[in-house]
Every structure is written in structure tokens, then in C-alpha cells.
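Student: One file is attached below, structure_21.cif, containing mmCIF, C-alpha atoms and all ligand atoms.
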```cif
data_data
loop_
_atom_site.group_PDB
_atom_site.id
_atom_site.type_symbol
_atom_site.label_atom_id
_atom_site.label_comp_id
_atom_site.auth_asym_id
_atom_site.auth_seq_id
_atom_site.Cartn_x
_atom_site.Cartn_y
_atom_site.Cartn_z
ATOM 1 C CA MET A 125 14.295 17.547 -2.884
ATOM 2 C CA LYS A 126 13.406 15.866 -6.171
ATOM 3 C CA LEU A 127 12.217 12.255 -5.936
ATOM 4 C CA VAL A 128 10.773 9.843 -8.442
ATOM 5 C CA ILE A 129 7.940 7.700 -7.102
ATOM 6 C CA ALA A 130 8.587 4.103 -8.163
ATOM 7 C CA THR A 131 4.987 3.003 -8.603
ATOM 8 C CA SER A 132 2.509 2.523 -11.389
ATOM 9 C CA ASN A 133 -0.448 2.824 -9.018
ATOM 10 C CA PRO A 134 -2.009 6.311 -9.445
ATOM 11 C CA ASN A 135 -3.828 6.044 -6.088
ATOM 12 C CA LYS A 136 -0.519 5.643 -4.279
ATOM 13 C CA ILE A 137 0.931 8.618 -6.195
ATOM 14 C CA ARG A 138 -2.022 10.785 -5.141
ATOM 15 C CA GLU A 139 -1.679 9.823 -1.481
ATOM 16 C CA ILE A 140 2.129 10.159 -1.416
ATOM 17 C CA ARG A 141 1.846 13.665 -2.913
ATOM 18 C CA GLU A 142 -0.587 14.664 -0.139
ATOM 19 C CA ILE A 143 1.550 13.135 2.608
ATOM 20 C CA LEU A 144 4.838 14.690 1.351
ATOM 21 C CA PRO A 145 3.820 18.183 0.155
ATOM 22 C CA ASP A 146 7.354 19.580 0.668
ATOM 23 C CA PHE A 147 8.960 17.308 -1.920
ATOM 24 C CA GLU A 148 9.141 17.679 -5.676
ATOM 25 C CA LEU A 149 7.688 14.334 -6.715
ATOM 26 C CA LEU A 150 7.790 12.919 -10.213
ATOM 27 C CA SER A 151 5.845 9.838 -11.175
ATOM 28 C CA ALA A 152 7.882 7.036 -12.755
ATOM 29 C CA ALA A 153 6.149 7.799 -16.069
ATOM 30 C CA GLU A 154 7.128 11.487 -15.831
ATOM 31 C CA ALA A 155 10.731 10.393 -15.235
ATOM 32 C CA GLY A 156 10.569 8.254 -18.400
ATOM 33 C CA PHE A 157 10.252 4.867 -16.673
ATOM 34 C CA SER A 158 7.450 2.635 -17.896
ATOM 35 C CA GLU A 159 8.690 -0.934 -17.304
ATOM 36 C CA ASP A 160 6.843 -3.346 -15.072
ATOM 37 C CA VAL A 161 9.189 -4.377 -12.237
ATOM 38 C CA GLU A 162 8.701 -7.974 -11.128
ATOM 39 C CA GLU A 163 8.027 -8.208 -7.397
ATOM 40 C CA THR A 164 9.933 -11.346 -6.454
ATOM 41 C CA GLY A 165 10.399 -10.567 -2.749
ATOM 42 C CA GLU A 166 8.747 -12.430 0.098
ATOM 43 C CA THR A 167 8.308 -9.346 2.261
ATOM 44 C CA PHE A 168 6.948 -5.839 1.735
ATOM 45 C CA LEU A 169 10.392 -4.425 2.465
ATOM 46 C CA GLU A 170 12.168 -6.624 -0.102
ATOM 47 C CA ASN A 171 9.657 -5.630 -2.766
ATOM 48 C CA ALA A 172 9.904 -1.916 -1.942
ATOM 49 C CA LEU A 173 13.692 -2.133 -2.318
ATOM 50 C CA ILE A 174 13.413 -4.056 -5.613
ATOM 51 C CA LYS A 175 11.125 -1.348 -7.085
ATOM 52 C CA ALA A 176 13.130 1.633 -5.773
ATOM 53 C CA ARG A 177 16.450 0.180 -6.982
ATOM 54 C CA ALA A 178 15.077 -0.562 -10.473
ATOM 55 C CA VAL A 179 13.638 2.927 -10.959
ATOM 56 C CA GLY A 180 16.619 4.636 -9.287
ATOM 57 C CA GLU A 181 19.098 2.857 -11.559
ATOM 58 C CA ALA A 182 17.111 3.638 -14.697
ATOM 59 C CA THR A 183 16.423 7.329 -13.941
ATOM 60 C CA ARG A 184 19.571 8.236 -11.911
ATOM 61 C CA LEU A 185 17.276 10.088 -9.506
ATOM 62 C CA PRO A 186 16.519 9.346 -5.839
ATOM 63 C CA ALA A 187 13.660 6.839 -6.058
ATOM 64 C CA LEU A 188 10.911 6.208 -3.510
ATOM 65 C CA ALA A 189 8.917 2.956 -3.610
ATOM 66 C CA ASP A 190 5.930 1.771 -1.584
ATOM 67 C CA ASP A 191 5.060 -1.883 -1.213
ATOM 68 C CA SER A 192 1.915 -2.424 0.747
ATOM 69 C CA GLY A 193 -0.974 -4.735 1.411
ATOM 70 C CA LEU A 194 -3.583 -6.070 3.744
ATOM 71 C CA ALA A 195 -2.990 -8.814 6.312
ATOM 72 C CA VAL A 196 -5.981 -10.677 7.732
ATOM 73 C CA GLU A 197 -5.408 -12.564 10.978
ATOM 74 C CA ALA A 198 -7.897 -15.375 10.306
ATOM 75 C CA LEU A 199 -6.273 -15.987 6.894
ATOM 76 C CA GLY A 200 -2.776 -16.339 8.354
ATOM 77 C CA GLY A 201 -1.746 -12.880 7.120
ATOM 78 C CA ALA A 202 -3.140 -13.268 3.572
ATOM 79 C CA PRO A 203 -3.475 -11.623 1.110
ATOM 80 C CA GLY A 204 -0.248 -9.944 2.347
ATOM 81 C CA VAL A 205 2.355 -9.308 -0.354
ATOM 82 C CA TYR A 206 -0.112 -10.737 -2.876
ATOM 83 C CA SER A 207 -2.780 -8.108 -2.102
ATOM 84 C CA ALA A 208 -2.712 -6.554 -5.583
ATOM 85 C CA ARG A 209 -2.877 -9.978 -7.286
ATOM 86 C CA TYR A 210 -5.096 -11.815 -4.767
ATOM 87 C CA ALA A 211 -7.948 -12.881 -7.062
ATOM 88 C CA LYS A 212 -5.637 -13.382 -10.032
ATOM 89 C CA LEU A 213 -3.461 -15.832 -8.110
ATOM 90 C CA PHE A 214 -5.821 -17.444 -5.605
ATOM 91 C CA ALA A 215 -9.402 -17.320 -6.893
ATOM 92 C CA PRO A 216 -11.165 -20.541 -7.891
ATOM 93 C CA ALA A 217 -11.361 -21.272 -11.644
ATOM 94 C CA GLY A 218 -13.877 -19.116 -13.469
ATOM 95 C CA TRP A 219 -13.802 -16.303 -10.881
ATOM 96 C CA THR A 220 -14.711 -12.978 -12.488
ATOM 97 C CA ALA A 221 -15.220 -10.743 -9.450
ATOM 98 C CA GLY A 222 -12.283 -8.895 -7.919
ATOM 99 C CA ASN A 223 -10.051 -9.008 -4.847
ATOM 100 C CA ASN A 224 -12.609 -7.595 -2.424
ATOM 101 C CA ALA A 225 -15.245 -10.174 -3.353
ATOM 102 C CA LEU A 226 -12.720 -12.979 -2.899
ATOM 103 C CA LEU A 227 -11.738 -11.638 0.504
ATOM 104 C CA LEU A 228 -15.390 -11.555 1.575
ATOM 105 C CA GLN A 229 -15.916 -15.073 0.286
ATOM 106 C CA ASN A 230 -12.869 -16.386 2.160
ATOM 107 C CA LEU A 231 -14.125 -14.749 5.357
ATOM 108 C CA GLN A 232 -17.685 -15.971 5.073
ATOM 109 C CA GLY A 233 -18.818 -17.224 8.497
ATOM 110 C CA VAL A 234 -15.485 -16.239 10.068
ATOM 111 C CA GLU A 235 -15.897 -14.346 13.322
ATOM 112 C CA ASN A 236 -12.363 -13.058 13.750
ATOM 113 C CA ARG A 237 -12.238 -10.097 11.322
ATOM 114 C CA ARG A 238 -8.988 -8.585 12.688
ATOM 115 C CA ALA A 239 -6.804 -7.087 9.952
ATOM 116 C CA TRP A 240 -4.070 -4.553 9.377
ATOM 117 C CA PHE A 241 -2.553 -2.725 6.447
ATOM 118 C CA VAL A 242 1.220 -2.707 6.108
ATOM 119 C CA CYS A 243 3.311 -0.301 4.058
ATOM 120 C CA ALA A 244 7.058 -0.563 3.528
ATOM 121 C CA VAL A 245 8.793 2.370 1.899
ATOM 122 C CA ALA A 246 12.304 2.477 0.468
ATOM 123 C CA LEU A 247 14.263 5.499 -0.701
ATOM 124 C CA VAL A 248 17.281 4.675 -2.848
ATOM 125 C CA TYR A 249 19.803 7.361 -3.824
ATOM 126 C CA PRO A 250 21.955 7.270 -6.979
ATOM 127 C CA ASP A 251 25.076 6.864 -4.782
ATOM 128 C CA GLY A 252 23.659 3.627 -3.353
ATOM 129 C CA ARG A 253 22.448 4.910 0.024
ATOM 130 C CA GLU A 254 19.171 3.301 1.088
ATOM 131 C CA LEU A 255 16.616 4.356 3.697
ATOM 132 C CA THR A 256 13.614 2.241 4.685
ATOM 133 C CA ALA A 257 10.625 2.497 7.020
ATOM 134 C CA GLU A 258 7.397 0.637 7.750
ATOM 135 C CA GLY A 259 3.946 1.690 8.887
ATOM 136 C CA ARG A 260 0.897 -0.262 10.052
ATOM 137 C CA THR A 261 -2.702 0.537 10.755
ATOM 138 C CA TYR A 262 -5.250 -1.728 12.443
ATOM 139 C CA GLY A 263 -8.905 -2.474 11.957
ATOM 140 C CA ARG A 264 -11.364 -5.142 10.913
ATOM 141 C CA ILE A 265 -12.941 -6.458 7.725
ATOM 142 C CA LEU A 266 -16.650 -5.713 7.355
ATOM 143 C CA THR A 267 -19.110 -8.104 5.722
ATOM 144 C CA GLU A 268 -19.932 -5.637 2.947
ATOM 145 C CA GLU A 269 -18.356 -2.589 1.332
ATOM 146 C CA ARG A 270 -18.958 0.887 2.767
ATOM 147 C CA GLY A 271 -17.902 4.196 1.204
ATOM 148 C CA LYS A 272 -16.657 5.431 -2.139
ATOM 149 C CA ASN A 273 -13.296 7.075 -1.410
ATOM 150 C CA GLY A 274 -9.824 5.584 -1.489
ATOM 151 C CA PHE A 275 -8.974 2.446 -3.457
ATOM 152 C CA GLY A 276 -8.373 -1.287 -3.172
ATOM 153 C CA TYR A 277 -9.577 -2.817 0.084
ATOM 154 C CA ASP A 278 -10.545 0.557 1.620
ATOM 155 C CA PRO A 279 -14.352 -0.011 1.493
ATOM 156 C CA LEU A 280 -13.965 -3.222 3.535
ATOM 157 C CA PHE A 281 -11.438 -1.926 6.089
ATOM 158 C CA PHE A 282 -13.078 -0.462 9.222
ATOM 159 C CA SER A 283 -10.342 1.555 10.897
ATOM 160 C CA ASP A 284 -9.846 1.281 14.689
ATOM 161 C CA ASP A 285 -8.572 4.886 14.658
ATOM 162 C CA LEU A 286 -11.291 6.494 12.541
ATOM 163 C CA LYS A 287 -14.285 4.304 13.502
ATOM 164 C CA LYS A 288 -15.311 4.196 9.848
ATOM 165 C CA THR A 289 -13.949 2.586 6.717
ATOM 166 C CA PHE A 290 -11.053 4.151 4.841
ATOM 167 C CA ALA A 291 -13.476 4.572 1.921
ATOM 168 C CA GLU A 292 -15.802 6.632 4.152
ATOM 169 C CA ALA A 293 -12.920 8.817 5.319
ATOM 170 C CA SER A 294 -11.597 11.915 3.571
ATOM 171 C CA GLU A 295 -8.120 11.620 2.084
ATOM 172 C CA GLU A 296 -6.766 13.788 4.901
ATOM 173 C CA GLU A 297 -8.340 11.579 7.588
ATOM 174 C CA LYS A 298 -7.013 8.399 5.981
ATOM 175 C CA ASN A 299 -3.488 9.762 5.488
ATOM 176 C CA ALA A 300 -3.301 10.855 9.143
ATOM 177 C CA VAL A 301 -3.589 7.257 10.403
ATOM 178 C CA SER A 302 -2.835 5.063 7.401
ATOM 179 C CA HIS A 303 0.014 2.578 6.980
ATOM 180 C CA ARG A 304 1.307 4.782 4.118
ATOM 181 C CA GLY A 305 1.068 7.988 6.165
ATOM 182 C CA ARG A 306 2.909 6.346 9.064
ATOM 183 C CA ALA A 307 5.623 4.755 6.899
ATOM 184 C CA LEU A 308 6.329 8.010 5.031
ATOM 185 C CA THR A 309 6.377 10.058 8.237
ATOM 186 C CA ALA A 310 8.876 7.596 9.737
ATOM 187 C CA LEU A 311 11.002 7.865 6.575
ATOM 188 C CA LYS A 312 10.839 11.656 6.606
ATOM 189 C CA ASN A 313 12.062 11.671 10.209
ATOM 190 C CA GLN A 314 15.224 9.880 9.060
ATOM 191 C CA LEU A 315 16.062 12.523 6.448
HETATM 192 P P1 LIG A 401 3.107 -0.748 -7.599
HETATM 193 O O1 LIG A 401 3.728 -2.090 -7.301
HETATM 194 O O2 LIG A 401 3.370 -0.268 -8.979
HETATM 195 O O3 LIG A 401 3.492 0.278 -6.553
HETATM 196 P P2 LIG A 401 0.647 -2.088 -6.840
HETATM 197 O O4 LIG A 401 -0.774 -1.644 -6.700
HETATM 198 O O5 LIG A 401 0.910 -3.373 -7.593
HETATM 199 O O6 LIG A 401 1.504 -0.888 -7.491
HETATM 200 P P3 LIG A 401 1.613 -3.341 -4.406
HETATM 201 O O7 LIG A 401 2.276 -4.468 -5.074
HETATM 202 O O8 LIG A 401 2.312 -2.658 -3.253
HETATM 203 O O9 LIG A 401 1.287 -2.157 -5.421
HETATM 204 O O10 LIG A 401 0.170 -3.824 -3.935
HETATM 205 C C1 LIG A 401 -0.567 -3.050 -3.070
HETATM 206 C C2 LIG A 401 -1.997 -3.553 -3.031
HETATM 207 O O11 LIG A 401 -2.423 -3.629 -1.661
HETATM 208 C C3 LIG A 401 -2.919 -2.565 -3.719
HETATM 209 O O12 LIG A 401 -3.066 -2.863 -5.093
HETATM 210 C C4 LIG A 401 -4.211 -2.739 -2.910
HETATM 211 O O13 LIG A 401 -4.883 -3.872 -3.348
HETATM 212 C C5 LIG A 401 -3.667 -3.024 -1.498
HETATM 213 N N1 LIG A 401 -3.491 -1.764 -0.758
HETATM 214 C C6 LIG A 401 -2.303 -1.171 -0.404
HETATM 215 N N2 LIG A 401 -2.521 -0.008 0.210
HETATM 216 C C7 LIG A 401 -3.842 0.164 0.246
HETATM 217 C C8 LIG A 401 -4.681 1.199 0.734
HETATM 218 O O14 LIG A 401 -4.186 2.293 1.271
HETATM 219 N N3 LIG A 401 -5.995 1.030 0.609
HETATM 220 C C9 LIG A 401 -6.529 -0.075 0.050
HETATM 221 N N4 LIG A 401 -5.819 -1.067 -0.468
HETATM 222 C C10 LIG A 401 -4.472 -0.962 -0.366
#
```
Spell out the structure here as C-alpha cells.
Ligand code: ITT
Tutor:
Amino acid sequence: MKLVIATSNPNKIREIREILPDFELLSAAEAGFSEDVEETGETFLENALIKARAVGEATRLPALADDSGLAVEALGGAPGVYSARYAKLFAPAGWTAGNNALLLQNLQGVENRRAWFVCAVALVYPDGRELTAEGRTYGRILTEERGKNGFGYDPLFFSDDLKKTFAEASEEEKNAVSHRGRALTALKNQL
């Protein structure tokens, strides 16, 4: 089955290719799509559908989108759907460090470090059929980064399942328990 992956994030593309080895996956760029889709939804699922529909309509191919992020209990679920743009949208004026530094700053002195990653996936077919699924994975936010693998918040996320950070885990270990691995497995089971 040929699918176009509706994302501009190369780390997601790499992981999705590993998780779905039986599919012929094209990146949006390979399918000739290079626009930036505005994520106006309030939930991961809404945003996944917005991205999959936009790329599906433009390429006339079945399109798979992933909208994901980190939710931190002590921050009321933030950065949530704003995970990619956390520092850009919410950092104090003059902030030059990135998302992970802002997260650490906002959790300074906070004892409750409970957090989970969420991933919503949407598969939209040219005939209008839509399939969706969600995956979660639980852990806690460390007080400093550990590990070099993965991307985004991985060096700060100590996984309950793996007993190490996602950045200390191999790609295979991460995909076996990750929000993205779980969401895509749930989607695959619907096919
Ligand atoms: P696309 O919208 O083009 O897919 P994006 O990176 O903007 O790319 P999202 O809007 O879904 O994607 O934001 C996801 C952000 O959440 C991502 O940039 C990371 O900051 C974080 N994130 C999601 N999954 C992650 C993972 O597995 N490990 C670490 N951080 C992750």
C-alpha cells in the first residue's frame, strides 16, 4: 500500500518508516507537497486530520499524518498541542534557548514530574474515508537531559516502560513503547 506521510518533520518520517516496514511510504516532499499546513485544531486528533486532508487533497494519494506532543501533569497538560512551538509561543521576551530549556525552567522546584507523550494519527483516502487512532506513553521529566538519540523532548523523558530516557534508548526500543508506535499499531489493526 502506497501512502504519503503528511509531515515535514524528518524524525517522524524515520520513525514511521521503521514502525510500518510493510508500507510503501513517500514523504510529502517526495509526493511534491511542500506547503506549510496551519495547525488550527485544539486537539492532536483535529490537527492530524487537518494535515492528512491537506496533503491527501493535494497529492490524490492516501495520506497519513501524525500530530503529537508532550503533556506535563504539573503544567496542566502543557506544552500539549503547542509542543513544537513551545518556546516560540510561551517563552519570556529575549529567550534564546529552546523548548527543552523552557520546560526545565517551568518545572524548576516542581516535585510532580509526571508526563506523557500523545500521538494522534489520521489516514485519509482520496475517496474521503478517514481512519484515526491514538497512542500514549507515560514517564517523567528529568531535571537535566540524558542521551543523544531521538529528537525533541526525548532526552528529558524518562520512560516508565524502558527505565531510561527515550534519547538513551535505541530506535527499536523507543518504537516498541512509544506513543507513535502505539498509535500506528492501533491504526494498522483497523486496516
Ligand atoms: P509536522 O506538523 O510537520 O508533522 P511538527 O514537528 O511540527 O511536524 P507536531 O506539530 O505534531 O509536529 O509537533 C510535535 C512536537 O512534539 C515535536 O516537534 C516535538 O517537539 C514533540 N514530540 C512529538 N513526538 C515526540 C517524540 O517522539 N519525541 C520527542 N518529542 C516529540
Student: Got a sec to resolve the PyMOL selection byres (((chain A and resi 236) around 8) and not hetatm) on this structure and send the residues as a PDB file with C-alpha atoms, keeping the file's coordinate frame?
Tutor:
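This is the output file result08.pdb:
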```
ATOM      1  CA  GLU A 197      -5.408 -12.564  10.978  1.00  0.00           C
ATOM      2  CA  ALA A 198      -7.897 -15.375  10.306  1.00  0.00           C
ATOM      3  CA  VAL A 234     -15.485 -16.239  10.068  1.00  0.00           C
ATOM      4  CA  GLU A 235     -15.897 -14.346  13.322  1.00  0.00           C
ATOM      5  CA  ARG A 237     -12.238 -10.097  11.322  1.00  0.00           C
ATOM      6  CA  ARG A 238      -8.988  -8.585  12.688  1.00  0.00           C
TER       7      ARG A 238
END
```
Student: With the cut-off set at 9 Å and counting all atoms listed in the file, tabulate each residue of chain A with an atom at most that distance from an atom of ligand LIG 401 (chain A), showing the nearest atom pair and its distance in Å to one decimal, ordered by chain and increasing number, as a Markdown table.
Tutor:
```
| residue | atom | partner | partner_atom | distance |
| --- | --- | --- | --- | --- |
| A:Ile129 | CA | A:LIG401 | O3 | 8.7 |
| A:Ala130 | CA | A:LIG401 | O3 | 6.6 |
| A:Thr131 | CA | A:LIG401 | O2 | 3.7 |
| A:Ser132 | CA | A:LIG401 | O2 | 3.8 |
| A:Asn133 | CA | A:LIG401 | O6 | 4.5 |
| A:Pro134 | CA | A:LIG401 | O6 | 8.2 |
| A:Asn135 | CA | A:LIG401 | O14 | 8.3 |
| A:Lys136 | CA | A:LIG401 | O3 | 7.1 |
| A:Ile137 | CA | A:LIG401 | O3 | 8.7 |
| A:Glu139 | CA | A:LIG401 | O14 | 8.4 |
| A:Asp160 | CA | A:LIG401 | O2 | 7.7 |
| A:Val161 | CA | A:LIG401 | O1 | 7.7 |
| A:Glu162 | CA | A:LIG401 | O1 | 8.6 |
| A:Glu163 | CA | A:LIG401 | O7 | 7.2 |
| A:Phe168 | CA | A:LIG401 | O8 | 7.5 |
| A:Asn171 | CA | A:LIG401 | O7 | 7.8 |
| A:Ala172 | CA | A:LIG401 | O8 | 7.7 |
| A:Lys175 | CA | A:LIG401 | O1 | 7.4 |
| A:Ala189 | CA | A:LIG401 | O3 | 6.7 |
| A:Asp190 | CA | A:LIG401 | O3 | 5.7 |
| A:Asp191 | CA | A:LIG401 | O8 | 3.5 |
| A:Ser192 | CA | A:LIG401 | O8 | 4.0 |
| A:Gly193 | CA | A:LIG401 | O11 | 3.6 |
| A:Leu194 | CA | A:LIG401 | O11 | 6.0 |
| A:Pro203 | CA | A:LIG401 | O11 | 8.5 |
| A:Gly204 | CA | A:LIG401 | O11 | 7.8 |
| A:Val205 | CA | A:LIG401 | O7 | 6.8 |
| A:Tyr206 | CA | A:LIG401 | O10 | 7.0 |
| A:Ser207 | CA | A:LIG401 | O11 | 4.5 |
| A:Ala208 | CA | A:LIG401 | O12 | 3.7 |
| A:Arg209 | CA | A:LIG401 | O12 | 7.4 |
| A:Tyr210 | CA | A:LIG401 | O13 | 8.1 |
| A:Asn223 | CA | A:LIG401 | O13 | 7.4 |
| A:Asn224 | CA | A:LIG401 | O13 | 8.6 |
| A:Phe241 | CA | A:LIG401 | N2 | 6.8 |
| A:Val242 | CA | A:LIG401 | N2 | 7.5 |
| A:Cys243 | CA | A:LIG401 | N2 | 7.0 |
| A:Ala244 | CA | A:LIG401 | O8 | 8.5 |
| A:Gly274 | CA | A:LIG401 | N3 | 6.3 |
| A:Phe275 | CA | A:LIG401 | C9 | 5.0 |
| A:Gly276 | CA | A:LIG401 | N4 | 3.7 |
| A:Tyr277 | CA | A:LIG401 | C9 | 4.1 |
| A:Asp278 | CA | A:LIG401 | C9 | 4.4 |
| A:Pro279 | CA | A:LIG401 | C9 | 8.0 |
| A:Leu280 | CA | A:LIG401 | C9 | 8.8 |
| A:Phe281 | CA | A:LIG401 | C9 | 8.0 |
| A:Phe290 | CA | A:LIG401 | N3 | 7.3 |
| A:Ala291 | CA | A:LIG401 | N3 | 8.4 |
| A:Lys298 | CA | A:LIG401 | O14 | 8.2 |
| A:Asn299 | CA | A:LIG401 | O14 | 8.6 |
| A:Ser302 | CA | A:LIG401 | O14 | 6.9 |
| A:His303 | CA | A:LIG401 | O14 | 7.1 |
| A:Arg304 | CA | A:LIG401 | O14 | 6.7 |
```
Student: What's around Arg306 in chain A at 8 Å? Count only C-alpha atoms, leave out sequence neighbours fewer than 3 positions away in its own chain, and write the answer as JSON, numbers by chain.
Tutor: {"A": [258, 259, 260, 300, 301, 302, 303, 309, 310]}
Student: Using all atoms listed in the file, can you tell me which of A:Asp284, A:Glu296, A:Glu170, A:Glu268 comes closest to Gln229 in chain A?
Tutor: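 Result for the nearest residue to Gln229 in chain A: A:Glu268.
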Student: So which residues are close to (-17.0, -2.3, 8.3), meaning at most 9 Å away in the file's coordinates with only C-alpha atoms counted, and can you show them as an MDAnalysis selection string?
Tutor: chainID A and resid 263:270 279:283 287:289
Student: I would like the residues chosen by the PyMOL selection byres (((chain A and resi 151) around 6) and not hetatm) on the shown file; could you give them as a VMD selection string?
Tutor: chain A and resid 128 to 129 150 152 to 154
Student: Quick check, in Å to one decimal: how far apart do CA of Leu286 in chain A and CA of Tyr262 in chain A lie?
Tutor: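 Separating CA of Leu286 in chain A from CA of Tyr262 in chain A is a distance of 10.2 Å.
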Student: Measuring atom to atom with only C-alpha atoms, identify which of A:Pro186, A:Pro145, A:Pro216, A:Gly222 is nearest to Gly252 in chain A.
Tutor: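 Using only C-alpha atoms, the shortest distance to Gly252 in chain A belongs to A:Pro186.
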Student: Can you tell me how far CA of Met125 in chain A sits from CA of Glu148 in chain A, in Å to one decimal?
Tutor: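 Computing it gives 5.9 Å between the two atoms.
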Student: Please indicate the distance in Å from CA of Asp251 in chain A to CA of Thr183 in chain A, rounded to one decimal place.
Tutor: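 CA of Asp251 in chain A sits 12.6 Å away from CA of Thr183 in chain A.
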Student: So which one's closest to Val245 in chain A, A:Ala202, A:Ala307, A:Ile174, A:Ala195? Using all atoms listed in the file, please.
Tutor: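 Answer, going by the shortest atom-to-atom distance: A:Ala307.
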Student: Rank A:Lys312, A:Arg184, A:Lys212, A:Lys272 by their smallest atom-to-atom distance to Ala246 in chain A, using only C-alpha atoms, and report the top residue only.
Tutor: A:Lys312
Student: Restricting the calculation to all atoms listed in the file, which member of A:Leu144, A:Leu185, A:Leu169, A:Ala176 is positioned closest to Lys126 in chain A?
Tutor: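 For Lys126 in chain A, the nearest of the given residues is A:Leu185.
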